[in-house]
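Shown next: my_file11.cif, given as mmCIF, C-alpha atoms.
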```
data_data
#
loop_
_atom_site.label_atom_id
_atom_site.label_comp_id
_atom_site.auth_asym_id
_atom_site.auth_seq_id
_atom_site.Cartn_x
_atom_site.Cartn_y
_atom_site.Cartn_z
CA MET L 2 -4.93 -39.52 -21.81
CA VAL L 3 -1.77 -38.78 -19.83
CA LYS L 4 -1.66 -40.22 -16.32
CA ILE L 5 0.14 -37.74 -14.06
CA LEU L 6 1.10 -38.12 -10.40
CA SER L 7 2.05 -34.88 -8.63
CA VAL L 8 4.26 -35.38 -5.57
CA PHE L 9 4.99 -32.70 -2.98
CA GLY L 10 5.36 -32.38 0.75
CA THR L 11 5.90 -28.81 1.96
CA ARG L 12 3.76 -25.70 2.09
CA PRO L 13 5.77 -23.79 -0.57
CA GLU L 14 5.63 -26.78 -2.91
CA ALA L 15 1.86 -27.05 -2.44
CA ILE L 16 1.34 -23.35 -3.22
CA LYS L 17 3.37 -23.59 -6.40
CA MET L 18 1.95 -26.92 -7.54
CA ALA L 19 -1.69 -26.00 -6.88
CA PRO L 20 -2.14 -24.04 -10.16
CA VAL L 21 -0.72 -26.99 -12.13
CA ILE L 22 -2.97 -29.52 -10.43
CA MET L 23 -6.04 -27.32 -10.94
CA GLU L 24 -5.16 -26.88 -14.62
CA LEU L 25 -4.82 -30.64 -15.09
CA GLU L 26 -8.15 -31.23 -13.36
CA ARG L 27 -9.82 -28.68 -15.66
CA ASN L 28 -8.91 -30.95 -18.58
CA PRO L 29 -10.12 -34.44 -17.62
CA GLY L 30 -10.24 -35.51 -21.26
CA ASP L 31 -6.49 -35.02 -21.58
CA PHE L 32 -5.19 -35.91 -18.13
CA GLN L 33 -5.77 -38.31 -15.30
CA SER L 34 -4.44 -36.30 -12.38
CA LEU L 35 -3.45 -37.95 -9.09
CA VAL L 36 -1.81 -36.33 -6.07
CA CYS L 37 0.58 -37.80 -3.52
CA VAL L 38 1.63 -35.70 -0.53
CA THR L 39 4.55 -36.85 1.58
CA GLY L 40 3.65 -34.84 4.67
CA GLN L 41 7.16 -33.36 5.04
CA HIS L 42 5.16 -30.45 6.48
CA ARG L 43 1.84 -31.51 7.99
CA GLN L 44 -0.27 -28.70 9.45
CA MET L 45 1.25 -26.04 7.19
CA LEU L 46 0.61 -28.26 4.17
CA ALA L 47 -3.00 -28.98 5.15
CA GLN L 48 -3.78 -25.25 5.16
CA VAL L 49 -2.74 -24.88 1.53
CA LEU L 50 -4.57 -28.02 0.42
CA ASP L 51 -7.75 -26.60 1.94
CA LEU L 52 -7.19 -23.17 0.39
CA PHE L 53 -6.93 -24.58 -3.14
CA ASP L 54 -9.38 -27.45 -2.54
CA ILE L 55 -6.86 -30.19 -3.34
CA ARG L 56 -7.69 -33.69 -2.10
CA PRO L 57 -4.66 -35.99 -2.14
CA ASP L 58 -5.05 -39.56 -3.38
CA PHE L 59 -2.05 -40.73 -1.32
CA ASN L 60 -0.43 -39.45 1.86
CA LEU L 61 2.92 -40.91 2.94
CA ASP L 62 2.70 -39.05 6.27
CA VAL L 63 6.47 -39.04 6.77
CA MET L 64 6.56 -36.24 9.36
CA SER L 65 7.81 -37.16 12.82
CA SER L 66 9.18 -35.25 15.78
CA GLY L 67 12.84 -34.41 15.41
CA GLN L 68 13.03 -35.64 11.82
CA ASP L 69 16.09 -34.79 9.75
CA LEU L 70 17.02 -34.99 6.08
CA PHE L 71 17.98 -38.65 6.37
CA ASP L 72 14.57 -39.50 7.84
CA VAL L 73 12.55 -37.57 5.27
CA SER L 74 14.51 -38.75 2.24
CA GLY L 75 14.46 -42.40 3.30
CA LYS L 76 10.76 -42.45 4.13
CA VAL L 77 9.78 -40.72 0.88
CA LEU L 78 11.91 -43.07 -1.20
CA GLN L 79 10.46 -46.17 0.46
CA GLY L 80 6.88 -44.87 0.52
CA LEU L 81 6.86 -43.98 -3.16
CA LYS L 82 8.04 -47.45 -4.13
CA THR L 83 4.55 -48.78 -3.34
CA VAL L 84 2.65 -45.80 -4.77
CA LEU L 85 4.52 -45.83 -8.08
CA ALA L 86 4.01 -49.57 -8.49
CA GLN L 87 0.28 -49.12 -7.88
CA VAL L 88 -0.31 -46.05 -10.06
CA GLN L 89 2.15 -46.67 -12.92
CA PRO L 90 1.97 -43.04 -14.06
CA ASP L 91 3.21 -41.76 -17.41
CA ILE L 92 4.99 -38.96 -15.61
CA VAL L 93 5.54 -37.74 -12.07
CA LEU L 94 5.67 -34.01 -11.40
CA VAL L 95 7.96 -32.75 -8.65
CA HIS L 96 8.65 -29.21 -7.63
CA GLY L 97 11.71 -27.19 -6.84
CA ASP L 98 14.26 -28.12 -4.26
CA THR L 99 13.16 -30.06 -1.18
CA ALA L 100 14.15 -33.45 0.20
CA THR L 101 10.75 -34.68 -1.04
CA THR L 102 11.60 -33.50 -4.55
CA MET L 103 15.00 -35.18 -4.67
CA ALA L 104 13.80 -38.44 -3.13
CA ALA L 105 10.76 -38.60 -5.42
CA ALA L 106 12.93 -37.99 -8.48
CA ILE L 107 15.30 -40.78 -7.46
CA ALA L 108 12.36 -43.12 -6.81
CA CYS L 109 11.02 -42.42 -10.31
CA CYS L 110 14.46 -42.97 -11.80
CA PHE L 111 14.73 -46.34 -10.02
CA SER L 112 11.28 -47.23 -11.39
CA ARG L 113 12.06 -45.86 -14.88
CA ILE L 114 9.10 -43.50 -14.67
CA GLY L 115 9.15 -40.13 -16.42
CA ILE L 116 9.95 -37.07 -14.29
CA GLY L 117 8.76 -33.51 -14.88
CA HIS L 118 10.59 -30.90 -12.80
CA VAL L 119 8.56 -27.75 -12.12
CA GLU L 120 10.73 -24.70 -11.28
CA ALA L 121 13.81 -26.30 -12.81
CA GLY L 122 17.20 -24.71 -13.33
CA LEU L 123 17.60 -22.45 -10.30
CA ARG L 124 21.24 -22.45 -9.21
CA THR L 125 23.74 -20.72 -6.95
CA TYR L 126 26.51 -23.18 -7.82
CA GLN L 127 27.53 -23.15 -4.17
CA LYS L 128 27.03 -26.59 -2.70
CA TYR L 129 25.81 -25.56 0.75
CA GLN L 130 24.03 -22.28 -0.06
CA PRO L 131 21.16 -22.75 0.23
CA PHE L 132 21.34 -26.08 2.03
CA PRO L 133 20.08 -28.63 1.12
CA GLU L 134 18.13 -26.96 -1.67
CA GLU L 135 21.04 -26.48 -4.07
CA ILE L 136 21.92 -30.16 -4.05
CA CYS L 137 18.27 -31.25 -4.24
CA ARG L 138 17.82 -29.14 -7.37
CA ARG L 139 20.94 -30.44 -9.04
CA VAL L 140 20.16 -34.10 -8.36
CA THR L 141 16.59 -33.66 -9.60
CA GLY L 142 17.80 -31.85 -12.70
CA ALA L 143 20.21 -34.66 -13.50
CA VAL L 144 17.45 -37.30 -13.68
CA ALA L 145 14.43 -35.27 -14.90
CA ASP L 146 13.00 -35.86 -18.38
CA LEU L 147 11.11 -32.58 -18.75
CA HIS L 148 12.42 -29.33 -17.26
CA PHE L 149 9.92 -26.51 -16.65
CA ALA L 150 12.21 -23.52 -16.21
CA PRO L 151 10.61 -20.37 -14.79
CA THR L 152 12.94 -17.92 -16.57
CA SER L 153 15.47 -17.71 -19.37
CA VAL L 154 18.22 -17.52 -16.73
CA ALA L 155 17.15 -20.91 -15.37
CA ARG L 156 17.08 -22.32 -18.89
CA ALA L 157 20.62 -21.07 -19.52
CA ASN L 158 21.79 -22.82 -16.33
CA LEU L 159 20.37 -26.12 -17.55
CA LEU L 160 21.88 -25.74 -21.01
CA GLY L 161 25.23 -25.02 -19.38
CA GLU L 162 24.97 -28.34 -17.55
CA GLY L 163 24.48 -30.23 -20.79
CA ILE L 164 20.71 -30.72 -20.56
CA ASP L 165 19.07 -31.26 -23.95
CA GLY L 166 17.45 -27.98 -24.96
CA GLY L 167 14.51 -29.88 -26.44
CA THR L 168 13.50 -30.98 -22.93
CA ILE L 169 13.62 -27.46 -21.40
CA PHE L 170 10.52 -25.26 -21.51
CA VAL L 171 10.41 -21.68 -20.18
CA THR L 172 6.97 -21.38 -18.58
CA GLY L 173 7.15 -18.62 -15.97
CA ASN L 174 6.87 -19.43 -12.30
CA THR L 175 3.64 -20.97 -11.02
CA ILE L 176 3.89 -18.81 -7.89
CA VAL L 177 2.63 -15.91 -10.02
CA ASP L 178 -0.39 -17.99 -11.02
CA ALA L 179 -1.14 -18.72 -7.35
CA LEU L 180 -0.50 -15.13 -6.29
CA GLN L 181 -2.83 -13.70 -8.93
CA SER L 182 -5.63 -16.08 -8.00
CA ILE L 183 -5.40 -15.13 -4.32
CA THR L 184 -5.16 -11.37 -4.89
CA LYS L 185 -8.23 -11.55 -7.14
CA ARG L 186 -10.10 -13.53 -4.50
CA ILE L 187 -9.31 -10.92 -1.84
CA ALA L 188 -10.07 -7.95 -4.09
CA GLY L 189 -13.45 -9.38 -5.09
CA ASP L 190 -14.73 -10.22 -1.61
CA ARG L 191 -15.48 -7.33 0.73
CA ALA L 192 -16.46 -9.67 3.58
CA LEU L 193 -13.08 -11.40 3.28
CA GLN L 194 -11.31 -8.04 3.34
CA GLU L 195 -13.12 -7.11 6.54
CA GLN L 196 -12.22 -10.47 8.05
CA LEU L 197 -8.54 -9.92 7.26
CA GLU L 198 -8.63 -6.38 8.64
CA GLU L 199 -10.08 -7.76 11.86
CA GLN L 200 -7.51 -10.57 12.02
CA PHE L 201 -4.70 -8.02 11.90
CA SER L 202 -6.43 -5.21 13.75
CA PHE L 203 -3.45 -5.02 16.12
CA LEU L 204 -1.41 -3.48 13.29
CA ASP L 205 -1.36 0.31 13.12
CA PRO L 206 -2.30 1.40 9.56
CA THR L 207 -0.43 4.71 10.03
CA ARG L 208 2.89 2.92 10.49
CA LYS L 209 5.23 1.46 7.86
CA LEU L 210 4.81 -2.31 7.96
CA ILE L 211 7.84 -4.57 7.59
CA ILE L 212 7.32 -8.32 7.11
CA ALA L 213 10.25 -10.38 8.39
CA THR L 214 10.85 -14.11 7.97
CA CYS L 215 13.88 -16.31 8.57
CA HIS L 216 14.15 -20.09 8.48
CA ARG L 217 17.15 -21.19 6.40
CA ARG L 218 19.47 -23.76 7.96
CA GLU L 219 22.56 -21.77 6.99
CA ASN L 220 21.28 -18.88 9.12
CA PHE L 221 20.79 -20.93 12.28
CA GLY L 222 22.81 -19.61 15.20
CA GLU L 223 24.71 -16.36 14.73
CA GLY L 224 22.86 -15.43 11.54
CA ILE L 225 19.41 -15.41 13.12
CA GLU L 226 20.71 -13.58 16.19
CA ASN L 227 22.22 -10.85 13.98
CA ILE L 228 18.94 -10.51 12.10
CA CYS L 229 17.02 -10.16 15.36
CA ARG L 230 19.40 -7.41 16.51
CA ALA L 231 18.91 -5.60 13.21
CA LEU L 232 15.12 -5.77 13.52
CA ALA L 233 15.35 -4.48 17.09
CA GLU L 234 17.47 -1.53 15.99
CA ILE L 235 15.10 -0.64 13.15
CA ALA L 236 12.10 -0.85 15.48
CA THR L 237 13.79 1.23 18.19
CA SER L 238 15.12 3.98 15.94
CA ASP L 239 11.98 4.57 13.87
CA ALA L 240 8.71 5.07 15.74
CA ASP L 241 6.80 4.99 12.44
CA VAL L 242 7.82 1.37 11.78
CA GLU L 243 5.93 -1.77 12.71
CA ILE L 244 7.41 -5.24 12.21
CA LEU L 245 5.39 -8.43 11.85
CA TYR L 246 7.46 -11.59 12.22
CA PRO L 247 5.71 -14.95 11.60
CA VAL L 248 8.10 -17.24 13.48
CA HIS L 249 8.94 -20.61 11.96
CA PRO L 250 8.21 -23.48 14.41
CA ASN L 251 11.72 -24.95 14.15
CA PRO L 252 13.33 -24.65 17.64
CA ASN L 253 16.50 -23.30 16.01
CA VAL L 254 14.41 -20.30 14.95
CA ARG L 255 11.87 -19.96 17.75
CA GLU L 256 14.33 -19.91 20.65
CA PRO L 257 16.60 -17.04 19.55
CA VAL L 258 13.75 -14.98 18.09
CA HIS L 259 11.65 -15.10 21.25
CA ARG L 260 14.70 -14.63 23.47
CA LEU L 261 15.91 -11.52 21.62
CA LEU L 262 12.64 -9.94 20.43
CA GLY L 263 9.91 -11.33 22.69
CA GLY L 264 8.66 -10.51 26.16
CA GLY L 265 7.17 -7.16 25.22
CA SER L 266 10.56 -5.44 24.94
CA TYR L 267 9.66 -4.01 21.54
CA PRO L 268 5.98 -3.00 21.35
CA ASN L 269 6.19 -2.38 17.59
CA ILE L 270 7.51 -5.90 16.87
CA HIS L 271 4.82 -8.57 16.68
CA LEU L 272 5.91 -12.20 16.89
CA VAL L 273 3.14 -14.45 15.55
CA ALA L 274 2.68 -18.06 14.51
CA PRO L 275 3.15 -18.87 10.80
CA VAL L 276 0.43 -17.15 8.79
CA GLU L 277 -1.72 -19.04 6.28
CA TYR L 278 -1.10 -18.21 2.64
CA LEU L 279 -4.16 -16.10 1.83
CA PRO L 280 -3.73 -13.70 4.78
CA PHE L 281 0.01 -13.65 4.11
CA VAL L 282 -0.64 -12.35 0.58
CA TYR L 283 -2.84 -9.67 2.18
CA LEU L 284 0.05 -8.72 4.47
CA ILE L 285 2.56 -8.54 1.62
CA ASN L 286 0.22 -6.16 -0.21
CA ARG L 287 -0.07 -4.04 2.93
CA SER L 288 3.66 -3.92 3.66
CA ARG L 289 6.34 -1.40 2.81
CA LEU L 290 9.30 -3.78 2.93
CA ILE L 291 10.09 -7.50 3.17
CA ILE L 292 13.16 -8.76 5.05
CA THR L 293 13.62 -12.48 4.44
CA ASP L 294 15.82 -15.45 3.60
CA SER L 295 12.90 -17.12 1.77
CA GLY L 296 13.17 -18.04 -1.88
CA GLY L 297 9.47 -17.72 -2.69
CA LEU L 298 9.18 -14.23 -1.21
CA GLN L 299 11.90 -13.09 -3.60
CA GLU L 300 9.39 -13.88 -6.35
CA GLU L 301 6.11 -12.93 -4.67
CA ALA L 302 7.02 -9.52 -3.25
CA PRO L 303 8.40 -8.03 -6.50
CA SER L 304 5.33 -9.32 -8.33
CA LEU L 305 3.29 -7.12 -5.97
CA GLY L 306 5.62 -4.14 -6.33
CA LYS L 307 7.47 -4.59 -3.03
CA HIS L 308 11.18 -4.37 -2.39
CA VAL L 309 12.98 -7.17 -0.57
CA LEU L 310 16.08 -7.32 1.60
CA VAL L 311 17.45 -10.84 1.25
CA ILE L 312 19.36 -11.89 4.35
CA ARG L 313 21.52 -14.38 2.49
CA ASP L 314 24.89 -14.11 0.77
CA VAL L 315 23.83 -15.71 -2.52
CA THR L 316 20.55 -16.24 -4.34
CA GLU L 317 19.34 -18.68 -6.97
CA ARG L 318 16.93 -15.99 -8.16
CA PRO L 319 19.22 -13.31 -9.63
CA GLU L 320 16.59 -11.76 -11.91
CA ALA L 321 15.15 -9.51 -9.18
CA VAL L 322 18.61 -8.49 -7.99
CA VAL L 323 19.57 -7.38 -11.48
CA ALA L 324 16.26 -5.50 -11.83
CA GLY L 325 16.81 -3.71 -8.49
CA ASN L 326 13.78 -5.19 -6.75
CA VAL L 327 15.94 -7.23 -4.36
CA ARG L 328 19.03 -6.31 -2.36
CA MET L 329 21.36 -8.96 -1.01
CA VAL L 330 22.58 -7.88 2.43
CA GLY L 331 23.57 -11.11 4.17
CA THR L 332 23.14 -11.25 7.94
CA ASP L 333 25.40 -8.37 8.90
CA CYS L 334 23.39 -6.29 11.36
CA GLY L 335 24.68 -2.92 10.12
CA LYS L 336 24.00 -3.71 6.47
CA VAL L 337 20.45 -4.88 7.19
CA VAL L 338 19.68 -1.73 9.19
CA ALA L 339 21.19 0.67 6.63
CA ALA L 340 19.50 -0.95 3.63
CA GLY L 341 16.19 -1.20 5.47
CA ARG L 342 16.16 2.48 6.33
CA ASP L 343 17.07 3.43 2.77
CA LEU L 344 14.28 1.39 1.22
CA LEU L 345 11.70 2.56 3.74
CA ARG L 346 12.38 6.14 2.72
CA ASN L 347 11.63 5.30 -0.91
CA SER L 348 8.57 3.08 -0.68
CA SER L 349 4.82 3.39 -0.25
CA SER L 350 2.01 1.11 0.86
CA GLN L 351 0.87 0.94 -2.78
CA GLY L 352 4.16 -0.56 -3.90
CA ASP L 353 7.27 0.96 -5.40
CA SER L 354 6.78 2.27 -8.92
CA GLY L 355 10.38 1.32 -9.66
CA CYS L 356 9.69 -2.39 -9.14
CA CYS L 357 9.63 -4.63 -12.19
CA ARG L 358 6.56 -6.79 -11.56
CA ASP L 359 6.77 -9.31 -14.40
CA LEU L 360 10.18 -10.87 -13.75
CA TYR L 361 8.79 -14.30 -12.90
CA GLY L 362 5.84 -14.69 -15.20
CA ASP L 363 2.40 -13.57 -16.30
CA GLY L 364 0.17 -16.00 -14.42
CA LYS L 365 -0.07 -18.55 -17.26
CA ALA L 366 2.71 -20.94 -16.24
CA ALA L 367 0.33 -23.79 -15.39
CA CYS L 368 -1.31 -23.58 -18.83
CA ARG L 369 2.10 -23.79 -20.52
CA ILE L 370 3.12 -26.77 -18.38
CA ALA L 371 -0.13 -28.57 -19.21
CA ALA L 372 0.43 -27.93 -22.92
CA VAL L 373 3.88 -29.53 -22.76
CA LEU L 374 2.53 -32.51 -20.80
CA ARG L 375 -0.22 -32.93 -23.38
CA ARG L 376 2.40 -33.18 -26.14
CA HIS L 377 5.16 -35.12 -24.42
CA GLY L 378 3.76 -36.89 -21.35
CA ASN L 379 2.08 -39.91 -22.89
CA GLY L 380 4.46 -42.81 -23.23
CA LEU L 381 7.38 -41.05 -21.50
CA SER L 382 7.74 -43.80 -18.89
CA ARG L 383 7.49 -46.49 -21.57
CA ALA L 384 10.30 -44.79 -23.48
CA ASN L 385 12.42 -44.74 -20.32
CA ARG L 386 11.90 -48.46 -19.80
CA GLU L 387 12.69 -49.26 -23.41
CA SER L 388 15.87 -47.16 -23.36
CA ALA L 389 17.00 -49.02 -20.24
CA GLY L 390 16.57 -52.34 -21.98
#
```
With the file now loaded, output its structure as structure tokens.
Amino acid sequence: MVKILSVFGTRPEAIKMAPVIMELERNPGDFQSLVCVTGQHRQMLAQVLDLFDIRPDFNLDVMSSGQDLFDVSGKVLQGLKTVLAQVQPDIVLVHGDTATTMAAAIACCFSRIGIGHVEAGLRTYQKYQPFPEEICRRVTGAVADLHFAPTSVARANLLGEGIDGGTIFVTGNTIVDALQSITKRIAGDRALQEQLEEQFSFLDPTRKLIIATCHRRENFGEGIENICRALAEIATSDADVEILYPVHPNPNVREPVHRLLGGGSYPNIHLVAPVEYLPFVYLINRSRLIITDSGGLQEEAPSLGKHVLVIRDVTERPEAVVAGNVRMVGTDCGKVVAAGRDLLRNSSSQGDSGCCRDLYGDGKAACRIAAVLRRHGNGLSRANRESAG
């Protein structure tokens, strides 16, 4: 039996790790699965844990008012020292690119415990874009023992950095697993559909729905203000458009968004609190266009046949750009408006037939990860300790 500790702390991490944890728990004869949440996000994380019925065994509860990257990284590193000593796992699974991921990987390295990196190999090769995600990925990749790359592009990145090809496994992205499970749940439950329709009854079904999100640190300040001006221009110039903007709670986002778009100045722009994952999947399905600086939405929206305007200058997910599902427009107001209008003319509420929907996987990533862990997980930490003398 392989003892596995999954460590994560943010809502996106929880969504993407949930299929892996559920797959491990479906095979109790092969795995002892334990979960440690760091609480880097608290309320937003709790929503996802409830949705997927995940009950953490440990909670570091690192979140505090005004926390920064120093606070989170230090608290995770110190908190995991005790947890790792208590659990002594064969391998720790971390996900993606957060401060939790990097700090957990370093903690495992210090403890000579095996590290499995889910969603490994994403790169922009620009140190501060996105920040701090690019550095968190690279540090984690440097110390990980098993690399679960979502695509062949990610695998090629790792090989180019000198990572042993025998430790890299192309699995698909677990976000597709999560997305498929939620879309099936919605499609198979008429009462749930009616509940969601009621929750968003303020949206006009005859209008073209745009979902907008923005939260990246590199867009704070002028970038977010430009994006708000672009959304205002799109909303003003096209009476058939409706924009739903779930506003991130960070004050660097909330203040400019509410100042520039709030107060009832634009009746077809709806500023709402962050939306839980299941209703957000419903909204993506209902939308015509996504405008975002999110990484996960660059994977989710194309998988549902939706086009995305990415309000960033670079992306670590080039597959959808090459396929034409995603356009990179940066934060230039004119470019956002022009590209948005163009895509709205060529889209439908059922999704764009030109979208390639299988760029990031087939919904079986968690099964592939579990198969690798079954073969390689047992004794990985012991091997690390022996190699260190």
Answer key for the PyMOL selection byres ((chain L and resi 365) around 8), residues as number ranges by chain: L: 172-173, 175, 178, 362-364, 366-369
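Separating CA of Ala340 (chain L) from CA of Ala240 (chain L) is a distance of 17.3 Å.
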Determine the nearest neighbour of Thr207 (chain L) from the options L:Val242, L:Ile136, L:Val93, L:Leu70, counting all atoms listed in the file.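 Checking each of L:Val242, L:Ile136, L:Val93, L:Leu70 against Thr207 (chain L), counting all atoms listed in the file, the winner is L:Val242.
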Report the residues retrieved by the PyMOL selection byres ((chain L and resi 131) around 9) from the displayed file, expressed as a ChimeraX atom specification. /L:125,127-130,132-136,217-219,313,315-317
In Å to one decimal, how far is CA of Thr293 (chain L) from CA of Ile212 (chain L)?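 Computing it gives 8.0 Å between the two atoms.
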Which one of L:Cys334, L:Leu160, L:Val84, L:Ile183 sits closest to Asp58 (chain L) if you count only C-alpha atoms?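 Once distances to Asp58 (chain L) are computed over only C-alpha atoms, the minimum belongs to L:Val84.
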Could you list, as JSON, numbers by chain, every residue matched by the PyMOL selection byres ((chain L and resi 13-20) around 7) in this structure? {"L": [9, 10, 11, 12, 21, 22, 23, 24, 46, 49, 53, 96, 175, 176, 178, 179, 367]}
Restricted to C-alpha atoms, what would the selected residues look like written as a compact mmCIF listing (two decimals), in the coordinates of the input?
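Written out: selection12.txt:
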```txt
# COMPACT_ATOMS: atom_id res chain seq x y z
CA PHE L 9 4.99 -32.70 -2.98
CA GLY L 10 5.36 -32.38 0.75
CA THR L 11 5.90 -28.81 1.96
CA ARG L 12 3.76 -25.70 2.09
CA VAL L 21 -0.72 -26.99 -12.13
CA ILE L 22 -2.97 -29.52 -10.43
CA MET L 23 -6.04 -27.32 -10.94
CA GLU L 24 -5.16 -26.88 -14.62
CA LEU L 46 0.61 -28.26 4.17
CA VAL L 49 -2.74 -24.88 1.53
CA PHE L 53 -6.93 -24.58 -3.14
CA HIS L 96 8.65 -29.21 -7.63
CA THR L 175 3.64 -20.97 -11.02
CA ILE L 176 3.89 -18.81 -7.89
CA ASP L 178 -0.39 -17.99 -11.02
CA ALA L 179 -1.14 -18.72 -7.35
CA ALA L 367 0.33 -23.79 -15.39
```
Please build the interface table for region 226-273 of chain L against region 278-290 of chain L with a cut-off of 12 Å, listing for each qualifying residue the nearest atom pair and the distance in Å to one decimal; count all atoms listed in the file, order rows by chain and increasing number, and write it as a tab-separated table.
```
residue	atom	partner	partner_atom	distance
L:Asp241	CA	L:Arg289	CA	11.6
L:Val242	CA	L:Arg289	CA	9.5
L:Glu243	CA	L:Ser288	CA	9.6
L:Ile244	CA	L:Ser288	CA	9.4
L:Leu245	CA	L:Leu284	CA	9.1
L:Tyr246	CA	L:Leu284	CA	11.1
L:Pro247	CA	L:Phe281	CA	9.5
L:Val273	CA	L:Phe281	CA	11.9
```
Can region 153-169 of chain L be brought up to N, CA and C atoms and written out as a PDB file, in the coordinates of the input?
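Writing done, so here's result_13.pdb:
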```
ATOM      1  N   SER L 153      14.412 -17.424 -18.411  1.00  0.00           N
ATOM      2  CA  SER L 153      15.470 -17.710 -19.370  1.00  0.00           C
ATOM      3  C   SER L 153      16.808 -17.920 -18.670  1.00  0.00           C
ATOM      4  N   VAL L 154      16.998 -17.296 -17.506  1.00  0.00           N
ATOM      5  CA  VAL L 154      18.220 -17.520 -16.730  1.00  0.00           C
ATOM      6  C   VAL L 154      18.295 -18.968 -16.274  1.00  0.00           C
ATOM      7  N   ALA L 155      17.189 -19.506 -15.789  1.00  0.00           N
ATOM      8  CA  ALA L 155      17.150 -20.910 -15.370  1.00  0.00           C
ATOM      9  C   ALA L 155      17.395 -21.833 -16.551  1.00  0.00           C
ATOM     10  N   ARG L 156      16.846 -21.503 -17.689  1.00  0.00           N
ATOM     11  CA  ARG L 156      17.080 -22.320 -18.890  1.00  0.00           C
ATOM     12  C   ARG L 156      18.559 -22.325 -19.254  1.00  0.00           C
ATOM     13  N   ALA L 157      19.195 -21.158 -19.194  1.00  0.00           N
ATOM     14  CA  ALA L 157      20.620 -21.070 -19.520  1.00  0.00           C
ATOM     15  C   ALA L 157      21.456 -21.929 -18.568  1.00  0.00           C
ATOM     16  N   ASN L 158      21.072 -21.962 -17.288  1.00  0.00           N
ATOM     17  CA  ASN L 158      21.790 -22.820 -16.330  1.00  0.00           C
ATOM     18  C   ASN L 158      21.731 -24.273 -16.760  1.00  0.00           C
ATOM     19  N   LEU L 159      20.541 -24.722 -17.147  1.00  0.00           N
ATOM     20  CA  LEU L 159      20.370 -26.120 -17.550  1.00  0.00           C
ATOM     21  C   LEU L 159      21.148 -26.436 -18.818  1.00  0.00           C
ATOM     22  N   LEU L 160      21.113 -25.533 -19.777  1.00  0.00           N
ATOM     23  CA  LEU L 160      21.880 -25.740 -21.010  1.00  0.00           C
ATOM     24  C   LEU L 160      23.369 -25.829 -20.701  1.00  0.00           C
ATOM     25  N   GLY L 161      23.832 -25.001 -19.763  1.00  0.00           N
ATOM     26  CA  GLY L 161      25.230 -25.020 -19.380  1.00  0.00           C
ATOM     27  C   GLY L 161      25.652 -26.312 -18.712  1.00  0.00           C
ATOM     28  N   GLU L 162      24.689 -27.052 -18.190  1.00  0.00           N
ATOM     29  CA  GLU L 162      24.970 -28.340 -17.550  1.00  0.00           C
ATOM     30  C   GLU L 162      24.823 -29.506 -18.525  1.00  0.00           C
ATOM     31  N   GLY L 163      24.574 -29.188 -19.778  1.00  0.00           N
ATOM     32  CA  GLY L 163      24.480 -30.230 -20.790  1.00  0.00           C
ATOM     33  C   GLY L 163      23.105 -30.836 -20.963  1.00  0.00           C
ATOM     34  N   ILE L 164      22.072 -30.206 -20.388  1.00  0.00           N
ATOM     35  CA  ILE L 164      20.710 -30.720 -20.560  1.00  0.00           C
ATOM     36  C   ILE L 164      20.238 -30.436 -21.987  1.00  0.00           C
ATOM     37  N   ASP L 165      19.602 -31.402 -22.597  1.00  0.00           N
ATOM     38  CA  ASP L 165      19.070 -31.260 -23.950  1.00  0.00           C
ATOM     39  C   ASP L 165      18.067 -30.118 -24.009  1.00  0.00           C
ATOM     40  N   GLY L 166      18.327 -29.143 -24.859  1.00  0.00           N
ATOM     41  CA  GLY L 166      17.450 -27.980 -24.960  1.00  0.00           C
ATOM     42  C   GLY L 166      16.030 -28.330 -25.357  1.00  0.00           C
ATOM     43  N   GLY L 167      15.853 -29.466 -26.037  1.00  0.00           N
ATOM     44  CA  GLY L 167      14.510 -29.880 -26.440  1.00  0.00           C
ATOM     45  C   GLY L 167      13.651 -30.341 -25.288  1.00  0.00           C
ATOM     46  N   THR L 168      14.257 -30.552 -24.114  1.00  0.00           N
ATOM     47  CA  THR L 168      13.500 -30.980 -22.930  1.00  0.00           C
ATOM     48  C   THR L 168      13.274 -29.834 -21.937  1.00  0.00           C
ATOM     49  N   ILE L 169      13.740 -28.625 -22.294  1.00  0.00           N
ATOM     50  CA  ILE L 169      13.620 -27.460 -21.400  1.00  0.00           C
ATOM     51  C   ILE L 169      12.542 -26.527 -21.953  1.00  0.00           C
TER      52      ILE L 169
END
```
